[in-house]
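A.B. asks: Input structure: data32.cif, which contains mmCIF, C-alpha atoms.
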```cif
data_my_file
loop_
_atom_site.group_PDB
_atom_site.id
_atom_site.type_symbol
_atom_site.label_atom_id
_atom_site.label_comp_id
_atom_site.auth_asym_id
_atom_site.auth_seq_id
_atom_site.Cartn_x
_atom_site.Cartn_y
_atom_site.Cartn_z
ATOM 1 C CA MET A 30 93.005 158.614 82.832
ATOM 2 C CA VAL A 31 91.415 157.328 79.655
ATOM 3 C CA GLU A 32 89.352 154.150 79.921
ATOM 4 C CA VAL A 33 89.858 152.231 76.702
ATOM 5 C CA THR A 34 87.103 149.828 75.737
ATOM 6 C CA CYS A 35 86.018 148.122 72.560
ATOM 7 C CA LEU A 36 83.641 151.084 72.117
ATOM 8 C CA ASN A 37 86.249 153.878 71.967
ATOM 9 C CA PHE A 38 89.468 152.097 70.920
ATOM 10 C CA TRP A 39 89.494 153.224 67.276
ATOM 11 C CA THR A 40 88.722 156.813 68.276
ATOM 12 C CA ILE A 41 91.839 157.196 70.423
ATOM 13 C CA LEU A 42 94.238 154.891 68.550
ATOM 14 C CA SER A 43 96.117 157.546 66.524
ATOM 15 C CA GLU A 44 96.657 159.813 69.558
ATOM 16 C CA PHE A 45 97.763 156.782 71.578
ATOM 17 C CA GLU A 46 100.284 155.743 68.893
ATOM 18 C CA GLN A 47 101.736 159.266 68.705
ATOM 19 C CA GLN A 48 102.232 159.366 72.459
ATOM 20 C CA ILE A 49 104.036 156.016 72.403
ATOM 21 C CA GLN A 50 106.314 157.217 69.581
ATOM 22 C CA SER A 51 107.460 160.206 71.660
ATOM 23 C CA ALA A 52 107.600 158.442 75.040
ATOM 24 C CA ALA A 53 110.571 158.814 77.346
ATOM 25 C CA PHE A 54 109.390 155.636 79.075
ATOM 26 C CA ILE A 55 106.271 153.501 79.500
ATOM 27 C CA CYS A 56 104.904 151.719 82.576
ATOM 28 C CA LEU A 57 102.550 148.735 82.637
ATOM 29 C CA ASP A 58 100.289 147.620 85.476
ATOM 30 C CA PHE A 59 98.048 144.561 85.446
ATOM 31 C CA GLU A 60 95.046 143.803 87.620
ATOM 32 C CA PHE A 61 94.445 140.093 88.083
ATOM 33 C CA SER A 62 91.403 138.195 89.302
ATOM 34 C CA GLY A 63 93.649 136.951 92.132
ATOM 35 C CA LEU A 64 97.255 136.626 93.225
ATOM 36 C CA HIS A 65 97.577 133.828 95.738
ATOM 37 C CA THR A 66 96.744 130.158 95.416
ATOM 38 C CA ASN A 67 96.927 127.491 98.090
ATOM 39 C CA ARG A 68 99.542 125.560 96.131
ATOM 40 C CA CYS A 69 102.131 128.356 96.296
ATOM 41 C CA SER A 70 104.403 128.923 99.250
ATOM 42 C CA PRO A 71 103.337 131.761 101.524
ATOM 43 C CA ILE A 72 105.179 135.051 101.205
ATOM 44 C CA SER A 73 107.622 135.745 104.014
ATOM 45 C CA LEU A 74 109.157 138.979 105.217
ATOM 46 C CA PHE A 75 112.510 137.220 104.770
ATOM 47 C CA ASP A 76 111.967 136.477 101.065
ATOM 48 C CA THR A 77 114.315 138.108 98.611
ATOM 49 C CA SER A 78 112.762 140.230 95.865
ATOM 50 C CA GLN A 79 113.416 137.403 93.392
ATOM 51 C CA GLU A 80 111.758 134.779 95.653
ATOM 52 C CA ARG A 81 108.682 136.950 96.146
ATOM 53 C CA TYR A 82 108.434 137.714 92.430
ATOM 54 C CA SER A 83 108.822 134.039 91.479
ATOM 55 C CA SER A 84 106.123 132.954 93.923
ATOM 56 C CA LEU A 85 103.636 135.588 92.744
ATOM 57 C CA ARG A 86 104.479 134.927 89.089
ATOM 58 C CA GLU A 87 103.742 131.223 89.481
ATOM 59 C CA SER A 88 100.536 131.933 91.365
ATOM 60 C CA CYS A 89 99.296 134.485 88.797
ATOM 61 C CA ASN A 90 99.200 131.763 86.137
ATOM 62 C CA ASP A 91 96.007 130.501 87.791
ATOM 63 C CA PHE A 92 94.224 133.837 87.439
ATOM 64 C CA THR A 93 92.952 136.079 84.665
ATOM 65 C CA VAL A 94 94.182 139.542 83.741
ATOM 66 C CA LEU A 95 91.148 141.819 84.068
ATOM 67 C CA GLN A 96 92.701 145.147 83.279
ATOM 68 C CA CYS A 97 95.920 146.527 81.824
ATOM 69 C CA GLY A 98 97.077 149.975 82.821
ATOM 70 C CA LEU A 99 99.509 151.769 80.522
ATOM 71 C CA SER A 100 101.183 155.053 81.458
ATOM 72 C CA ILE A 101 103.119 156.938 78.807
ATOM 73 C CA PHE A 102 105.619 159.491 80.079
ATOM 74 C CA GLN A 103 106.869 162.288 77.851
ATOM 75 C CA TYR A 104 109.687 164.610 78.861
ATOM 76 C CA ASP A 105 109.217 168.362 78.425
ATOM 77 C CA LYS A 106 112.721 169.841 77.983
ATOM 78 C CA ILE A 107 111.533 173.416 78.526
ATOM 79 C CA LYS A 108 109.704 172.731 81.799
ATOM 80 C CA ARG A 109 112.201 170.011 82.750
ATOM 81 C CA SER A 110 109.366 167.757 83.842
ATOM 82 C CA TYR A 111 107.396 164.714 82.740
ATOM 83 C CA LYS A 112 103.823 164.577 81.529
ATOM 84 C CA CYS A 113 101.914 161.346 82.014
ATOM 85 C CA HIS A 114 99.160 159.992 79.763
ATOM 86 C CA ALA A 115 97.406 157.101 81.519
ATOM 87 C CA TYR A 116 95.204 154.487 79.833
ATOM 88 C CA THR A 117 93.199 151.591 81.222
ATOM 89 C CA PHE A 118 92.336 148.641 78.971
ATOM 90 C CA TRP A 119 89.553 146.267 80.024
ATOM 91 C CA ILE A 120 90.462 142.782 78.770
ATOM 92 C CA PHE A 121 89.167 139.233 79.023
ATOM 93 C CA PRO A 122 90.408 135.886 77.627
ATOM 94 C CA GLN A 123 88.579 134.338 74.706
ATOM 95 C CA ASP A 124 88.093 130.610 74.220
ATOM 96 C CA ASN A 125 89.036 128.974 70.970
ATOM 97 C CA GLN A 126 88.766 125.444 69.639
ATOM 98 C CA LEU A 127 91.966 124.311 71.337
ATOM 99 C CA ILE A 128 91.871 126.220 74.612
ATOM 100 C CA LYS A 129 88.921 126.423 76.986
ATOM 101 C CA ARG A 130 89.711 128.965 79.664
ATOM 102 C CA GLN A 131 88.550 128.826 83.247
ATOM 103 C CA PHE A 132 87.902 131.952 85.256
ATOM 104 C CA SER A 133 89.069 131.966 88.887
ATOM 105 C CA LEU A 134 88.346 134.800 91.256
ATOM 106 C CA GLU A 135 90.021 135.292 94.635
ATOM 107 C CA SER A 136 87.751 136.925 97.206
ATOM 108 C CA ALA A 137 90.596 139.130 98.506
ATOM 109 C CA ALA A 138 91.196 140.365 94.953
ATOM 110 C CA CYS A 139 87.506 141.287 94.627
ATOM 111 C CA LYS A 140 87.685 143.243 97.858
ATOM 112 C CA PHE A 141 90.856 145.027 96.733
ATOM 113 C CA LEU A 142 89.464 145.884 93.281
ATOM 114 C CA LYS A 143 86.164 147.075 94.755
ATOM 115 C CA SER A 144 88.037 149.381 97.151
ATOM 116 C CA PHE A 145 89.447 151.089 94.029
ATOM 117 C CA ASP A 146 86.019 151.340 92.334
ATOM 118 C CA PHE A 147 86.456 148.400 89.969
ATOM 119 C CA ASP A 148 82.898 147.794 88.747
ATOM 120 C CA PHE A 149 82.541 144.294 87.351
ATOM 121 C CA GLN A 150 79.136 144.862 85.821
ATOM 122 C CA GLN A 151 79.252 148.362 84.393
ATOM 123 C CA LYS A 152 82.809 148.507 83.142
ATOM 124 C CA TYR A 153 84.083 145.018 82.891
ATOM 125 C CA LEU A 154 81.572 142.534 81.639
ATOM 126 C CA TRP A 155 80.231 144.468 78.685
ATOM 127 C CA ARG A 156 83.076 146.584 77.283
ATOM 128 C CA TYR A 157 86.194 144.460 77.422
ATOM 129 C CA PHE A 158 88.627 143.393 74.687
ATOM 130 C CA LEU A 159 88.852 139.691 73.982
ATOM 131 C CA TYR A 160 92.295 138.127 73.682
ATOM 132 C CA GLU A 161 93.679 134.660 72.998
#
```
Please re-express this file's structure in structure tokens.

C.D. replies:
Amino acid sequence: MVEVTCLNFWTILSEFEQQIQSAAFICLDFEFSGLHTNRCSPISLFDTSQERYSSLRESCNDFTVLQCGLSIFQYDKIKRSYKCHAYTFWIFPQDNQLIKRQFSLESAACKFLKSFDFDFQQKYLWRYFLYE
């Protein structure tokens, strides 16, 4: 997996673009600073997929995307198999004159991210991409 930061983005951009051009399919994964708020209905085992998605989607609006994972799959016709190129982008929202963003962090999300070696200080706070 390639960790993409503001320090190495321009170095890998052309290779990244070529892989996207020849992709069979692409997968995205987002890590948020939380998933559940008190104002959303609790998830039930009896929820439909659509109900669960809608609840989590509404709740995610209160949290910040910390990381975007992008996996690019290319099909090898000779080997009849897929090759995966995985990238992780560290991102953080930027304020502007019209929008002042708040940062919320759910303790359960911190525990989850830490269990997968998410390092807020070393990786996140100093090498992220700003977005509006």

A.B. asks: Using CA of Gln131 in chain A and CA of Phe59 in chain A as the two end points, give the distance in Å to one decimal.

C.D. replies: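 Answer for the CA of Gln131 in chain A to CA of Phe59 in chain A separation: 18.5 Å.
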
A.B. asks: For this file, the PyMOL selection byres ((chain A and resi 134) around 7) selects which residues, as a list in words?

C.D. replies: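 When the PyMOL selection byres ((chain A and resi 134) around 7) is applied to the shown file, the picked residues are Ser62, Gly63, Phe132, Ser133, Glu135 and Ser136 of chain A.
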
A.B. asks: Evaluate the PyMOL selection byres ((chain A and resi 103) around 8) against this structure - the residues, as a compact mmCIF listing (two decimals) with C-alpha atoms, in the frame of the given file, please.

C.D. replies:
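What landed in part-v5.txt:
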```txt
# COMPACT_ATOMS: atom_id res chain seq x y z
CA GLN A 48 102.23 159.37 72.46
CA SER A 51 107.46 160.21 71.66
CA ALA A 52 107.60 158.44 75.04
CA ALA A 53 110.57 158.81 77.35
CA PHE A 54 109.39 155.64 79.08
CA ILE A 101 103.12 156.94 78.81
CA PHE A 102 105.62 159.49 80.08
CA TYR A 104 109.69 164.61 78.86
CA ASP A 105 109.22 168.36 78.42
CA TYR A 111 107.40 164.71 82.74
CA LYS A 112 103.82 164.58 81.53
CA CYS A 113 101.91 161.35 82.01
```

A.B. asks: Ranking A:Phe61, A:Tyr82, A:Phe145, A:Tyr116 by minimum distance to Leu99 in chain A and counting only C-alpha atoms, which one comes first?

C.D. replies: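 Checking each of A:Phe61, A:Tyr82, A:Phe145, A:Tyr116 against Leu99 in chain A, counting only C-alpha atoms, the winner is A:Tyr116.
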
A.B. asks: For each of A:Ile107, A:His114, A:Glu87, A:Gln123, take the minimum atom-to-atom distance to Gln47 in chain A, counting all atoms listed in the file, then give the residue where this is smallest.

C.D. replies: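 Looking at the shortest contact to Gln47 in chain A, the residue is A:His114.
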
A.B. asks: Please report the interatomic distance between CA of Leu42 in chain A and CA of Thr117 in chain A in Å with one decimal.

C.D. replies: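 So the two atoms, CA of Leu42 in chain A and CA of Thr117 in chain A, lie 13.1 Å apart.
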
A.B. asks: Please indicate the distance in Å from CA of Glu44 in chain A to CA of Phe118 in chain A, rounded to one decimal place.

C.D. replies: 15.2 Å
